[in-house]
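*Asks:* Provided below: final.tsv, containing TSV, N, CA and C atoms.
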```
chain	number	residue	atom	x	y	z
A	754	MET	N	-3.72	-5.83	-47.88
A	754	MET	CA	-4.29	-7.02	-47.30
A	754	MET	C	-3.71	-7.25	-45.90
A	755	PHE	N	-2.40	-7.03	-45.75
A	755	PHE	CA	-1.75	-7.19	-44.45
A	755	PHE	C	-2.37	-6.24	-43.44
A	756	ILE	N	-2.61	-5.00	-43.85
A	756	ILE	CA	-3.18	-4.01	-42.95
A	756	ILE	C	-4.59	-4.40	-42.55
A	757	ALA	N	-5.38	-4.93	-43.48
A	757	ALA	CA	-6.75	-5.36	-43.16
A	757	ALA	C	-6.72	-6.51	-42.16
A	758	ALA	N	-5.79	-7.46	-42.33
A	758	ALA	CA	-5.68	-8.59	-41.40
A	758	ALA	C	-5.25	-8.09	-40.02
A	759	LEU	N	-4.31	-7.16	-39.99
A	759	LEU	CA	-3.84	-6.60	-38.73
A	759	LEU	C	-4.98	-5.87	-38.00
A	760	ALA	N	-5.77	-5.11	-38.75
A	760	ALA	CA	-6.90	-4.39	-38.15
A	760	ALA	C	-7.92	-5.37	-37.58
A	761	LEU	N	-8.18	-6.46	-38.29
A	761	LEU	CA	-9.13	-7.46	-37.81
A	761	LEU	C	-8.64	-8.12	-36.53
A	762	VAL	N	-7.36	-8.50	-36.50
A	762	VAL	CA	-6.79	-9.13	-35.31
A	762	VAL	C	-6.81	-8.15	-34.14
A	763	ALA	N	-6.46	-6.90	-34.36
A	763	ALA	CA	-6.45	-5.90	-33.31
A	763	ALA	C	-7.85	-5.66	-32.77
A	764	ASN	N	-8.83	-5.61	-33.65
A	764	ASN	CA	-10.22	-5.38	-33.23
A	764	ASN	C	-10.73	-6.53	-32.38
A	765	VAL	N	-10.46	-7.75	-32.78
A	765	VAL	CA	-10.90	-8.91	-32.03
A	765	VAL	C	-10.18	-8.96	-30.68
A	766	GLY	N	-8.88	-8.68	-30.66
A	766	GLY	CA	-8.11	-8.72	-29.42
A	766	GLY	C	-8.55	-7.69	-28.41
A	767	PHE	N	-8.88	-6.48	-28.86
A	767	PHE	CA	-9.26	-5.42	-27.94
A	767	PHE	C	-10.73	-5.49	-27.53
A	768	SER	N	-11.55	-6.19	-28.32
A	768	SER	CA	-12.96	-6.25	-27.97
A	768	SER	C	-13.23	-7.28	-26.89
A	769	GLN	N	-12.30	-8.17	-26.62
A	769	GLN	CA	-12.48	-9.16	-25.58
A	769	GLN	C	-11.92	-8.61	-24.27
A	770	THR	N	-12.81	-8.35	-23.35
A	770	THR	CA	-12.35	-7.85	-22.06
A	770	THR	C	-12.67	-8.88	-21.00
A	771	THR	N	-11.78	-8.96	-20.05
A	771	THR	CA	-12.03	-9.86	-18.94
A	771	THR	C	-12.29	-9.01	-17.72
A	772	SER	N	-13.49	-9.07	-17.23
A	772	SER	CA	-13.82	-8.32	-16.03
A	772	SER	C	-14.39	-9.27	-15.00
A	773	THR	N	-14.08	-8.99	-13.78
A	773	THR	CA	-14.58	-9.80	-12.68
A	773	THR	C	-15.81	-9.12	-12.12
A	774	PRO	N	-16.92	-9.83	-12.05
A	774	PRO	CA	-18.10	-9.19	-11.45
A	774	PRO	C	-17.79	-8.71	-10.04
A	775	SER	N	-18.33	-7.55	-9.67
A	775	SER	CA	-18.03	-6.98	-8.35
A	775	SER	C	-18.46	-7.90	-7.22
A	776	SER	N	-19.43	-8.79	-7.48
A	776	SER	CA	-19.85	-9.72	-6.42
A	776	SER	C	-18.77	-10.76	-6.13
A	777	ASP	N	-17.83	-10.93	-7.08
A	777	ASP	CA	-16.74	-11.89	-6.89
A	777	ASP	C	-15.51	-11.25	-6.26
A	778	LEU	N	-15.60	-9.98	-5.90
A	778	LEU	CA	-14.47	-9.28	-5.33
A	778	LEU	C	-14.65	-9.09	-3.82
A	779	ALA	N	-13.53	-9.00	-3.15
A	779	ALA	CA	-13.56	-8.66	-1.73
A	779	ALA	C	-13.78	-7.15	-1.62
A	780	ALA	N	-14.17	-6.69	-0.47
A	780	ALA	CA	-14.36	-5.25	-0.23
A	780	ALA	C	-13.60	-4.89	1.03
A	781	ILE	N	-12.66	-3.97	0.89
A	781	ILE	CA	-11.79	-3.63	2.01
A	781	ILE	C	-12.25	-2.32	2.65
A	782	GLU	N	-12.38	-2.34	3.98
A	782	GLU	CA	-12.76	-1.13	4.73
A	782	GLU	C	-11.65	-0.85	5.74
A	783	TRP	N	-11.00	0.30	5.59
A	783	TRP	CA	-9.87	0.68	6.44
A	783	TRP	C	-10.35	1.43	7.67
A	784	VAL	N	-9.71	1.20	8.80
A	784	VAL	CA	-9.94	2.01	9.98
A	784	VAL	C	-9.43	3.42	9.67
A	785	ALA	N	-8.27	3.51	9.01
A	785	ALA	CA	-7.69	4.77	8.53
A	785	ALA	C	-6.82	4.43	7.33
A	786	SER	N	-6.79	5.29	6.32
A	786	SER	CA	-5.94	5.05	5.15
A	786	SER	C	-4.77	6.02	5.09
A	787	SER	N	-4.63	6.85	6.12
A	787	SER	CA	-3.47	7.74	6.20
A	787	SER	C	-3.08	7.89	7.67
A	788	HIS	N	-1.80	8.21	7.87
A	788	HIS	CA	-1.32	8.40	9.25
A	788	HIS	C	-0.25	9.48	9.27
A	789	ASP	N	-0.37	10.37	10.24
A	789	ASP	CA	0.61	11.44	10.45
A	789	ASP	C	1.40	11.09	11.71
A	790	PHE	N	2.69	10.79	11.54
A	790	PHE	CA	3.55	10.47	12.68
A	790	PHE	C	3.86	11.71	13.52
A	791	GLY	N	3.65	12.89	12.94
A	791	GLY	CA	4.06	14.11	13.64
A	791	GLY	C	5.57	14.21	13.61
A	792	LYS	N	6.17	14.67	14.70
A	792	LYS	CA	7.63	14.80	14.77
A	792	LYS	C	8.21	13.51	15.34
A	793	ILE	N	9.18	12.95	14.63
A	793	ILE	CA	9.86	11.74	15.08
A	793	ILE	C	11.36	11.99	15.11
A	794	LYS	N	12.07	11.20	15.89
A	794	LYS	CA	13.51	11.38	16.05
A	794	LYS	C	14.29	10.72	14.91
A	795	GLN	N	15.32	11.41	14.47
A	795	GLN	CA	16.20	10.87	13.44
A	795	GLN	C	16.88	9.60	13.96
A	796	GLY	N	16.96	8.61	13.09
A	796	GLY	CA	17.63	7.36	13.45
A	796	GLY	C	16.74	6.36	14.16
A	797	VAL	N	15.48	6.72	14.42
A	797	VAL	CA	14.55	5.82	15.10
A	797	VAL	C	13.41	5.50	14.13
A	798	PRO	N	13.37	4.27	13.58
A	798	PRO	CA	12.30	3.93	12.63
A	798	PRO	C	10.91	4.10	13.28
A	799	ALA	N	9.96	4.55	12.47
A	799	ALA	CA	8.58	4.75	12.93
A	799	ALA	C	7.68	3.77	12.19
A	800	THR	N	6.78	3.11	12.93
A	800	THR	CA	5.89	2.10	12.35
A	800	THR	C	4.44	2.41	12.66
A	801	PHE	N	3.59	2.19	11.65
A	801	PHE	CA	2.14	2.31	11.85
A	801	PHE	C	1.47	1.11	11.19
A	802	GLU	N	0.45	0.59	11.86
A	802	GLU	CA	-0.29	-0.55	11.33
A	802	GLU	C	-1.67	-0.09	10.85
A	803	PHE	N	-1.88	-0.15	9.52
A	803	PHE	CA	-3.17	0.15	8.93
A	803	PHE	C	-4.03	-1.11	9.06
A	804	LYS	N	-5.15	-1.00	9.76
A	804	LYS	CA	-6.02	-2.16	9.98
A	804	LYS	C	-7.24	-2.07	9.05
A	805	PHE	N	-7.71	-3.24	8.61
A	805	PHE	CA	-8.86	-3.28	7.72
A	805	PHE	C	-9.75	-4.47	8.03
A	806	THR	N	-10.97	-4.40	7.51
A	806	THR	CA	-11.95	-5.48	7.60
A	806	THR	C	-12.39	-5.82	6.18
A	807	ASN	N	-12.54	-7.10	5.90
A	807	ASN	CA	-13.07	-7.54	4.61
A	807	ASN	C	-14.59	-7.47	4.69
A	808	LYS	N	-15.18	-6.50	4.01
A	808	LYS	CA	-16.64	-6.32	4.01
A	808	LYS	C	-17.29	-7.00	2.81
A	809	GLY	N	-16.50	-7.76	2.03
A	809	GLY	CA	-17.04	-8.44	0.86
A	809	GLY	C	-17.57	-9.82	1.20
A	810	LYS	N	-17.92	-10.55	0.14
A	810	LYS	CA	-18.48	-11.89	0.30
A	810	LYS	C	-17.48	-12.99	-0.07
A	811	THR	N	-16.28	-12.59	-0.48
A	811	THR	CA	-15.24	-13.55	-0.84
A	811	THR	C	-13.97	-13.24	-0.06
A	812	PRO	N	-13.08	-14.22	0.10
A	812	PRO	CA	-11.82	-13.96	0.82
A	812	PRO	C	-11.01	-12.85	0.13
A	813	LEU	N	-10.43	-11.99	0.94
A	813	LEU	CA	-9.60	-10.90	0.45
A	813	LEU	C	-8.15	-11.37	0.46
A	814	VAL	N	-7.47	-11.17	-0.67
A	814	VAL	CA	-6.07	-11.56	-0.78
A	814	VAL	C	-5.25	-10.35	-1.23
A	815	ILE	N	-4.30	-9.95	-0.40
A	815	ILE	CA	-3.37	-8.88	-0.76
A	815	ILE	C	-2.21	-9.54	-1.49
A	816	SER	N	-2.01	-9.16	-2.74
A	816	SER	CA	-0.94	-9.75	-3.53
A	816	SER	C	0.37	-8.99	-3.40
A	817	ASN	N	0.31	-7.69	-3.05
A	817	ASN	CA	1.53	-6.90	-2.92
A	817	ASN	C	1.23	-5.60	-2.18
A	818	ALA	N	2.25	-5.06	-1.56
A	818	ALA	CA	2.21	-3.72	-0.96
A	818	ALA	C	3.53	-3.05	-1.36
A	819	GLN	N	3.44	-2.08	-2.25
A	819	GLN	CA	4.63	-1.45	-2.85
A	819	GLN	C	4.81	-0.05	-2.29
A	820	PRO	N	5.94	0.21	-1.61
A	820	PRO	CA	6.19	1.57	-1.09
A	820	PRO	C	6.64	2.50	-2.21
A	821	SER	N	6.47	3.80	-2.00
A	821	SER	CA	6.89	4.78	-3.00
A	821	SER	C	8.39	4.99	-3.01
A	822	CYS	N	9.09	4.51	-1.98
A	822	CYS	CA	10.55	4.63	-1.97
A	822	CYS	C	11.14	3.54	-1.08
A	823	GLY	N	12.45	3.41	-1.13
A	823	GLY	CA	13.14	2.40	-0.33
A	823	GLY	C	13.22	2.73	1.15
A	824	CYS	N	12.79	3.92	1.53
A	824	CYS	CA	12.84	4.34	2.94
A	824	CYS	C	11.66	3.79	3.74
A	825	THR	N	10.70	3.19	3.05
A	825	THR	CA	9.52	2.63	3.71
A	825	THR	C	9.46	1.13	3.45
A	826	THR	N	9.26	0.36	4.51
A	826	THR	CA	9.18	-1.09	4.39
A	826	THR	C	7.79	-1.55	4.80
A	827	PRO	N	7.05	-2.17	3.87
A	827	PRO	CA	5.72	-2.66	4.22
A	827	PRO	C	5.75	-4.15	4.61
A	828	SER	N	4.79	-4.54	5.42
A	828	SER	CA	4.50	-5.95	5.66
A	828	SER	C	2.98	-6.03	5.76
A	829	TRP	N	2.41	-7.20	5.49
A	829	TRP	CA	0.96	-7.29	5.44
A	829	TRP	C	0.49	-8.69	5.74
A	830	THR	N	-0.80	-8.82	5.93
A	830	THR	CA	-1.44	-10.10	6.15
A	830	THR	C	-1.36	-10.88	4.84
A	831	HIS	N	-0.62	-12.00	4.84
A	831	HIS	CA	-0.43	-12.78	3.62
A	831	HIS	C	-1.51	-13.84	3.43
A	832	ASP	N	-2.13	-14.30	4.50
A	832	ASP	CA	-3.20	-15.29	4.38
A	832	ASP	C	-4.48	-14.62	3.91
A	833	PRO	N	-5.33	-15.35	3.17
A	833	PRO	CA	-6.61	-14.78	2.78
A	833	PRO	C	-7.41	-14.34	4.01
A	834	VAL	N	-8.04	-13.18	3.90
A	834	VAL	CA	-8.87	-12.65	4.98
A	834	VAL	C	-10.32	-12.97	4.62
A	835	MET	N	-10.94	-13.80	5.41
A	835	MET	CA	-12.31	-14.24	5.13
A	835	MET	C	-13.29	-13.08	5.31
A	836	PRO	N	-14.48	-13.17	4.68
A	836	PRO	CA	-15.48	-12.12	4.86
A	836	PRO	C	-15.75	-11.87	6.35
A	837	GLY	N	-15.71	-10.61	6.73
A	837	GLY	CA	-15.89	-10.22	8.13
A	837	GLY	C	-14.60	-10.26	8.93
A	838	GLY	N	-13.54	-10.85	8.34
A	838	GLY	CA	-12.26	-10.96	9.03
A	838	GLY	C	-11.45	-9.67	8.95
A	839	GLU	N	-10.41	-9.62	9.75
A	839	GLU	CA	-9.56	-8.43	9.82
A	839	GLU	C	-8.13	-8.76	9.42
A	840	GLY	N	-7.44	-7.76	8.92
A	840	GLY	CA	-6.05	-7.90	8.54
A	840	GLY	C	-5.34	-6.57	8.69
A	841	HIS	N	-4.10	-6.50	8.21
A	841	HIS	CA	-3.33	-5.26	8.36
A	841	HIS	C	-2.30	-5.09	7.25
A	842	VAL	N	-1.88	-3.86	7.08
A	842	VAL	CA	-0.69	-3.50	6.30
A	842	VAL	C	0.12	-2.62	7.24
A	843	LYS	N	1.33	-3.05	7.52
A	843	LYS	CA	2.21	-2.31	8.42
A	843	LYS	C	3.24	-1.56	7.58
A	844	ALA	N	3.46	-0.28	7.91
A	844	ALA	CA	4.44	0.54	7.21
A	844	ALA	C	5.48	1.03	8.21
A	845	THR	N	6.75	0.73	7.92
A	845	THR	CA	7.84	1.20	8.76
A	845	THR	C	8.67	2.18	7.96
A	846	TYR	N	8.79	3.40	8.49
A	846	TYR	CA	9.56	4.45	7.83
A	846	TYR	C	10.94	4.55	8.48
A	847	ASN	N	11.98	4.51	7.66
A	847	ASN	CA	13.36	4.62	8.13
A	847	ASN	C	13.68	6.11	8.27
A	848	ALA	N	13.70	6.61	9.48
A	848	ALA	CA	13.86	8.03	9.75
A	848	ALA	C	15.33	8.44	9.78
A	849	SER	N	16.05	8.14	8.70
A	849	SER	CA	17.49	8.43	8.70
A	849	SER	C	17.81	9.86	8.28
A	850	ASN	N	16.93	10.48	7.49
A	850	ASN	CA	17.20	11.84	7.01
A	850	ASN	C	16.24	12.84	7.63
A	851	PRO	N	16.77	13.95	8.17
A	851	PRO	CA	15.88	14.96	8.76
A	851	PRO	C	15.05	15.66	7.70
A	852	GLY	N	13.89	16.14	8.14
A	852	GLY	CA	13.00	16.88	7.24
A	852	GLY	C	11.64	16.23	7.13
A	853	ALA	N	10.75	16.92	6.42
A	853	ALA	CA	9.39	16.42	6.23
A	853	ALA	C	9.38	15.27	5.24
A	854	PHE	N	8.43	14.35	5.43
A	854	PHE	CA	8.25	13.26	4.48
A	854	PHE	C	6.77	13.01	4.27
A	855	ASP	N	6.43	12.54	3.08
A	855	ASP	CA	5.06	12.17	2.71
A	855	ASP	C	5.20	11.01	1.74
A	856	LYS	N	4.90	9.81	2.19
A	856	LYS	CA	5.14	8.59	1.41
A	856	LYS	C	3.85	7.81	1.22
A	857	THR	N	3.86	6.94	0.23
A	857	THR	CA	2.68	6.11	-0.04
A	857	THR	C	3.06	4.64	-0.08
A	858	ILE	N	2.05	3.80	0.15
A	858	ILE	CA	2.16	2.36	-0.01
A	858	ILE	C	0.97	1.96	-0.88
A	859	THR	N	1.24	1.41	-2.05
A	859	THR	CA	0.18	0.98	-2.96
A	859	THR	C	-0.10	-0.49	-2.70
A	860	VAL	N	-1.32	-0.77	-2.25
A	860	VAL	CA	-1.73	-2.12	-1.89
A	860	VAL	C	-2.53	-2.72	-3.04
A	861	SER	N	-2.08	-3.86	-3.56
A	861	SER	CA	-2.78	-4.58	-4.63
A	861	SER	C	-3.53	-5.75	-4.02
A	862	ALA	N	-4.82	-5.85	-4.37
A	862	ALA	CA	-5.66	-6.91	-3.80
A	862	ALA	C	-6.82	-7.20	-4.76
A	863	ASN	N	-7.56	-8.24	-4.45
A	863	ASN	CA	-8.73	-8.61	-5.27
A	863	ASN	C	-9.95	-7.79	-4.85
A	864	ILE	N	-9.83	-6.47	-5.04
A	864	ILE	CA	-10.88	-5.51	-4.70
A	864	ILE	C	-11.24	-4.73	-5.96
A	865	GLU	N	-12.35	-4.05	-5.94
A	865	GLU	CA	-12.72	-3.23	-7.10
A	865	GLU	C	-11.65	-2.17	-7.33
A	866	GLY	N	-11.20	-2.05	-8.55
A	866	GLY	CA	-10.12	-1.14	-8.88
A	866	GLY	C	-8.75	-1.78	-8.72
A	867	GLY	N	-8.64	-2.83	-7.94
A	867	GLY	CA	-7.40	-3.59	-7.81
A	867	GLY	C	-6.36	-3.04	-6.86
A	868	VAL	N	-6.40	-1.72	-6.57
A	868	VAL	CA	-5.39	-1.13	-5.69
A	868	VAL	C	-6.02	-0.07	-4.78
A	869	VAL	N	-5.34	0.16	-3.67
A	869	VAL	CA	-5.67	1.27	-2.78
A	869	VAL	C	-4.34	1.85	-2.32
A	870	VAL	N	-4.30	3.17	-2.14
A	870	VAL	CA	-3.06	3.84	-1.76
A	870	VAL	C	-3.17	4.34	-0.32
A	871	LEU	N	-2.22	3.92	0.51
A	871	LEU	CA	-2.14	4.36	1.90
A	871	LEU	C	-1.07	5.45	1.99
A	872	HIS	N	-1.23	6.38	2.94
A	872	HIS	CA	-0.29	7.50	3.09
A	872	HIS	C	0.28	7.55	4.50
A	873	ILE	N	1.58	7.83	4.58
A	873	ILE	CA	2.20	8.17	5.86
A	873	ILE	C	2.96	9.48	5.67
A	874	LYS	N	2.99	10.29	6.72
A	874	LYS	CA	3.73	11.55	6.65
A	874	LYS	C	4.20	11.91	8.04
A	875	GLY	N	5.07	12.89	8.08
A	875	GLY	CA	5.59	13.37	9.35
A	875	GLY	C	6.81	14.22	9.12
A	876	GLU	N	7.54	14.47	10.21
A	876	GLU	CA	8.77	15.25	10.12
A	876	GLU	C	9.83	14.62	11.01
A	877	VAL	N	10.98	14.35	10.41
A	877	VAL	CA	12.10	13.77	11.15
A	877	VAL	C	12.92	14.93	11.70
A	878	GLU	N	13.05	14.96	13.04
A	878	GLU	CA	13.85	15.99	13.69
A	878	GLU	C	15.31	15.55	13.73
A	879	ALA	N	16.19	16.43	13.34
A	879	ALA	CA	17.61	16.12	13.31
A	879	ALA	C	18.11	15.75	14.70
A	880	ALA	N	18.93	14.74	14.74
A	880	ALA	CA	19.55	14.33	16.00
A	880	ALA	C	20.53	15.41	16.44
A	881	PRO	N	20.66	15.63	17.75
A	881	PRO	CA	21.61	16.65	18.21
A	881	PRO	C	23.04	16.26	17.81
A	882	ALA	N	23.80	17.26	17.47
A	882	ALA	CA	25.19	17.01	17.10
A	882	ALA	C	25.96	16.49	18.30
A	883	VAL	N	26.78	15.52	18.05
A	883	VAL	CA	27.61	14.94	19.13
A	883	VAL	C	28.96	15.61	19.09
A	884	VAL	N	29.37	16.19	20.21
A	884	VAL	CA	30.66	16.84	20.31
A	884	VAL	C	31.63	15.88	20.98
A	885	LYS	N	32.71	15.59	20.27
A	885	LYS	CA	33.72	14.67	20.82
A	885	LYS	C	34.73	15.44	21.62
A	886	PRO	N	35.02	15.00	22.83
A	886	PRO	CA	36.03	15.69	23.66
A	886	PRO	C	37.43	15.47	23.07
A	887	ASN	N	38.29	16.41	23.27
A	887	ASN	CA	39.67	16.31	22.78
A	887	ASN	C	40.52	15.44	23.67
```
Show this structure as structure tokens.
*Replies:*
Amino acid sequence: MFIAALALVANVGFSQTTSTPSSDLAAIEWVASSHDFGKIKQGVPATFEFKFTNKGKTPLVISNAQPSCGCTTPSWTHDPVMPGGEGHVKATYNASNPGAFDKTITVSANIEGGVVVLHIKGEVEAAPAVVKPN
């Protein structure tokens, strides 16, 4: 009897889905969703601003921008972006370690699918060794 009750509760719980009609969602159009910094100098942070337009019929709200690691710091338009309006997600990469990098920023917003992933990549060139005089 317990198992039958559990199955009934599980069936009712999973059959109720909450979906937002696509007409109630914002639509984000990026100028570019990836950026290649090319070669950058070690110790000099590199920043790129991903620009977008809200092509939907409702205000676009970015709730979060999560980098794939602590070496990337995002900032973004926090105010709602009205239909036809523009906003940005800025990504700053801390170029402290030499070598190639390929990082992502996952942007959460009231868009279809709920998230979009932005990419930055490049290569940090090692700073020249400093020779101390005796």
*Asks:* Nearest residue to Pro851 in chain A out of A:Phe801, A:Gly866, A:Ala879, A:Thr806, using only N, CA and C atoms?
*Replies:* A:Ala879
*Asks:* So which residues of range 759-881 of chain A fall under strand (DSSP E) by DSSP, listed as a VMD selection string?
*Replies:* chain A and resid 781 to 783 787 to 794 799 to 807 815 to 820 825 to 829 839 to 846 852 to 862 868 to 878
*Asks:* Which residues are near Gly840 in chain A? Cut-off 7 Å, only C-alpha atoms, ignore same chain within fewer than 3 positions. Put them as number ranges by chain.
*Replies:* A: 804-806, 830, 834
*Asks:* Atom N of Glu839 in chain A to atom C of Thr826 in chain A: how many Å, to one decimal?
*Replies:*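 One can read the atom N of Glu839 in chain A to atom C of Thr826 in chain A distance as 20.5 Å.
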*Asks:* Leaving out Pro812 in chain A and any residue of its chain fewer than 5 positions from it, which residues lie within 6.5 Å of it when counting all atoms listed in the file, given as an MDAnalysis selection string?
*Replies:* chainID A and resid 779 833:836
*Asks:* Go through A:Ala862, A:Val869, A:Val842, A:Ala799 one by one, measure the shortest atom-to-atom distance of each to Asn817 in chain A using all atoms listed in the file, and give the residue with the smallest value.
*Replies:*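 Nearest to Asn817 in chain A: A:Ala862.
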*Asks:* When you look at Thr845 in chain A with a cut-off of 9 Å (counting only C-alpha atoms), what residues show up, excluding the ones that are within fewer than 4 positions of it in the same chain? I need them as a PDB file with N, CA and C atoms, in the frame of the given file.
*Replies:*
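part10.pdb was written with the following content:
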```pdb
ATOM      1  N   PRO A 798      13.370   4.270  13.580  1.00  0.00           N
ATOM      2  CA  PRO A 798      12.300   3.930  12.630  1.00  0.00           C
ATOM      3  C   PRO A 798      10.910   4.100  13.280  1.00  0.00           C
ATOM      4  N   ALA A 799       9.960   4.550  12.470  1.00  0.00           N
ATOM      5  CA  ALA A 799       8.580   4.750  12.930  1.00  0.00           C
ATOM      6  C   ALA A 799       7.680   3.770  12.190  1.00  0.00           C
ATOM      7  N   THR A 800       6.780   3.110  12.930  1.00  0.00           N
ATOM      8  CA  THR A 800       5.890   2.100  12.350  1.00  0.00           C
ATOM      9  C   THR A 800       4.440   2.410  12.660  1.00  0.00           C
ATOM     10  N   PHE A 801       3.590   2.190  11.650  1.00  0.00           N
ATOM     11  CA  PHE A 801       2.140   2.310  11.850  1.00  0.00           C
ATOM     12  C   PHE A 801       1.470   1.110  11.190  1.00  0.00           C
ATOM     13  N   GLU A 802       0.450   0.590  11.860  1.00  0.00           N
ATOM     14  CA  GLU A 802      -0.290  -0.550  11.330  1.00  0.00           C
ATOM     15  C   GLU A 802      -1.670  -0.090  10.850  1.00  0.00           C
ATOM     16  N   CYS A 824      12.790   3.920   1.530  1.00  0.00           N
ATOM     17  CA  CYS A 824      12.840   4.340   2.940  1.00  0.00           C
ATOM     18  C   CYS A 824      11.660   3.790   3.740  1.00  0.00           C
ATOM     19  N   THR A 825      10.700   3.190   3.050  1.00  0.00           N
ATOM     20  CA  THR A 825       9.520   2.630   3.710  1.00  0.00           C
ATOM     21  C   THR A 825       9.460   1.130   3.450  1.00  0.00           C
ATOM     22  N   THR A 826       9.260   0.360   4.510  1.00  0.00           N
ATOM     23  CA  THR A 826       9.180  -1.090   4.390  1.00  0.00           C
ATOM     24  C   THR A 826       7.790  -1.550   4.800  1.00  0.00           C
ATOM     25  N   PRO A 827       7.050  -2.170   3.870  1.00  0.00           N
ATOM     26  CA  PRO A 827       5.720  -2.660   4.220  1.00  0.00           C
ATOM     27  C   PRO A 827       5.750  -4.150   4.610  1.00  0.00           C
ATOM     28  N   SER A 828       4.790  -4.540   5.420  1.00  0.00           N
ATOM     29  CA  SER A 828       4.500  -5.950   5.660  1.00  0.00           C
ATOM     30  C   SER A 828       2.980  -6.030   5.760  1.00  0.00           C
TER      31      SER A 828
END
```
*Asks:* Report as a list of chain:residue names: the residues of chain A with a DSSP assignment of helix (DSSP H, G or I), based on the backbone of this structure.
*Replies:*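 Taking chain A and keeping helix (DSSP H, G or I) gives A:Phe755, A:Ile756, A:Ala757, A:Ala758, A:Leu759, A:Ala760, A:Leu761, A:Val762, A:Ala763, A:Asn764, A:Val765, A:Gly766, A:Phe767, A:Ser768, A:Ser775, A:Ser776, A:Asp777.
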*Asks:* Would you tabulate, counting only C-alpha atoms, all residues of range 826-864 of chain A that have an atom at most 8 Å from an atom of range 782-796 of chain A, showing the closest pair of atoms and their distance in Å to one decimal, sorted by chain then ascending number, as a Markdown table?
*Replies:*
```
| residue | atom | partner | partner_atom | distance |
| --- | --- | --- | --- | --- |
| A:Asn847 | CA | A:Gly796 | CA | 7.4 |
| A:Ala848 | CA | A:Gln795 | CA | 5.2 |
| A:Ser849 | CA | A:Gly796 | CA | 4.9 |
| A:Asn850 | CA | A:Gln795 | CA | 6.6 |
| A:Pro851 | CA | A:Gln795 | CA | 6.2 |
```
*Asks:* With only N, CA and C atoms as the basis for distance, which of A:Val860, A:Val877, A:Ile781, A:His872 is at the shortest distance from Ala818 in chain A?
*Replies:*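 Of A:Val860, A:Val877, A:Ile781, A:His872, the one nearest Ala818 in chain A, counting only N, CA and C atoms, is A:Val860.
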*Asks:* One number please: CA of Tyr846 in chain A to CA of Lys808 in chain A, in Å, one decimal.
*Replies:*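 Rounded to one decimal, the two atoms are 28.6 Å apart.
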*Asks:* What would range 818-831 of chain A look like if you wrote it out as a compact mmCIF listing (two decimals), in the first residue's frame, with N, CA and C atoms included, from the block I just posted?
*Replies:*
```txt
# COMPACT_ATOMS: atom_id res chain seq x y z
N ALA A 818 25.96 35.46 -14.42
CA ALA A 818 26.98 35.14 -15.42
C ALA A 818 28.09 34.41 -14.66
N GLN A 819 28.20 33.11 -14.90
CA GLN A 819 29.10 32.25 -14.13
C GLN A 819 30.30 31.85 -14.99
N PRO A 820 31.52 32.23 -14.57
CA PRO A 820 32.71 31.84 -15.34
C PRO A 820 33.07 30.38 -15.07
N SER A 821 33.81 29.78 -15.99
CA SER A 821 34.22 28.39 -15.83
C SER A 821 35.35 28.23 -14.83
N CYS A 822 36.01 29.33 -14.46
CA CYS A 822 37.07 29.25 -13.45
C CYS A 822 37.23 30.61 -12.78
N GLY A 823 38.01 30.64 -11.72
CA GLY A 823 38.24 31.87 -10.98
C GLY A 823 39.15 32.86 -11.69
N CYS A 824 39.73 32.46 -12.81
CA CYS A 824 40.63 33.34 -13.56
C CYS A 824 39.87 34.32 -14.45
N THR A 825 38.56 34.14 -14.55
CA THR A 825 37.73 35.02 -15.37
C THR A 825 36.69 35.70 -14.49
N THR A 826 36.58 37.01 -14.64
CA THR A 826 35.62 37.78 -13.85
C THR A 826 34.59 38.41 -14.79
N PRO A 827 33.31 38.03 -14.62
CA PRO A 827 32.29 38.63 -15.47
C PRO A 827 31.60 39.83 -14.79
N SER A 828 31.09 40.72 -15.60
CA SER A 828 30.18 41.76 -15.14
C SER A 828 29.14 41.90 -16.26
N TRP A 829 27.95 42.39 -15.92
CA TRP A 829 26.90 42.42 -16.92
C TRP A 829 25.88 43.50 -16.62
N THR A 830 25.03 43.75 -17.58
CA THR A 830 23.94 44.70 -17.43
C THR A 830 22.95 44.11 -16.42
N HIS A 831 22.80 44.77 -15.28
CA HIS A 831 21.92 44.25 -14.22
C HIS A 831 20.48 44.74 -14.36
```
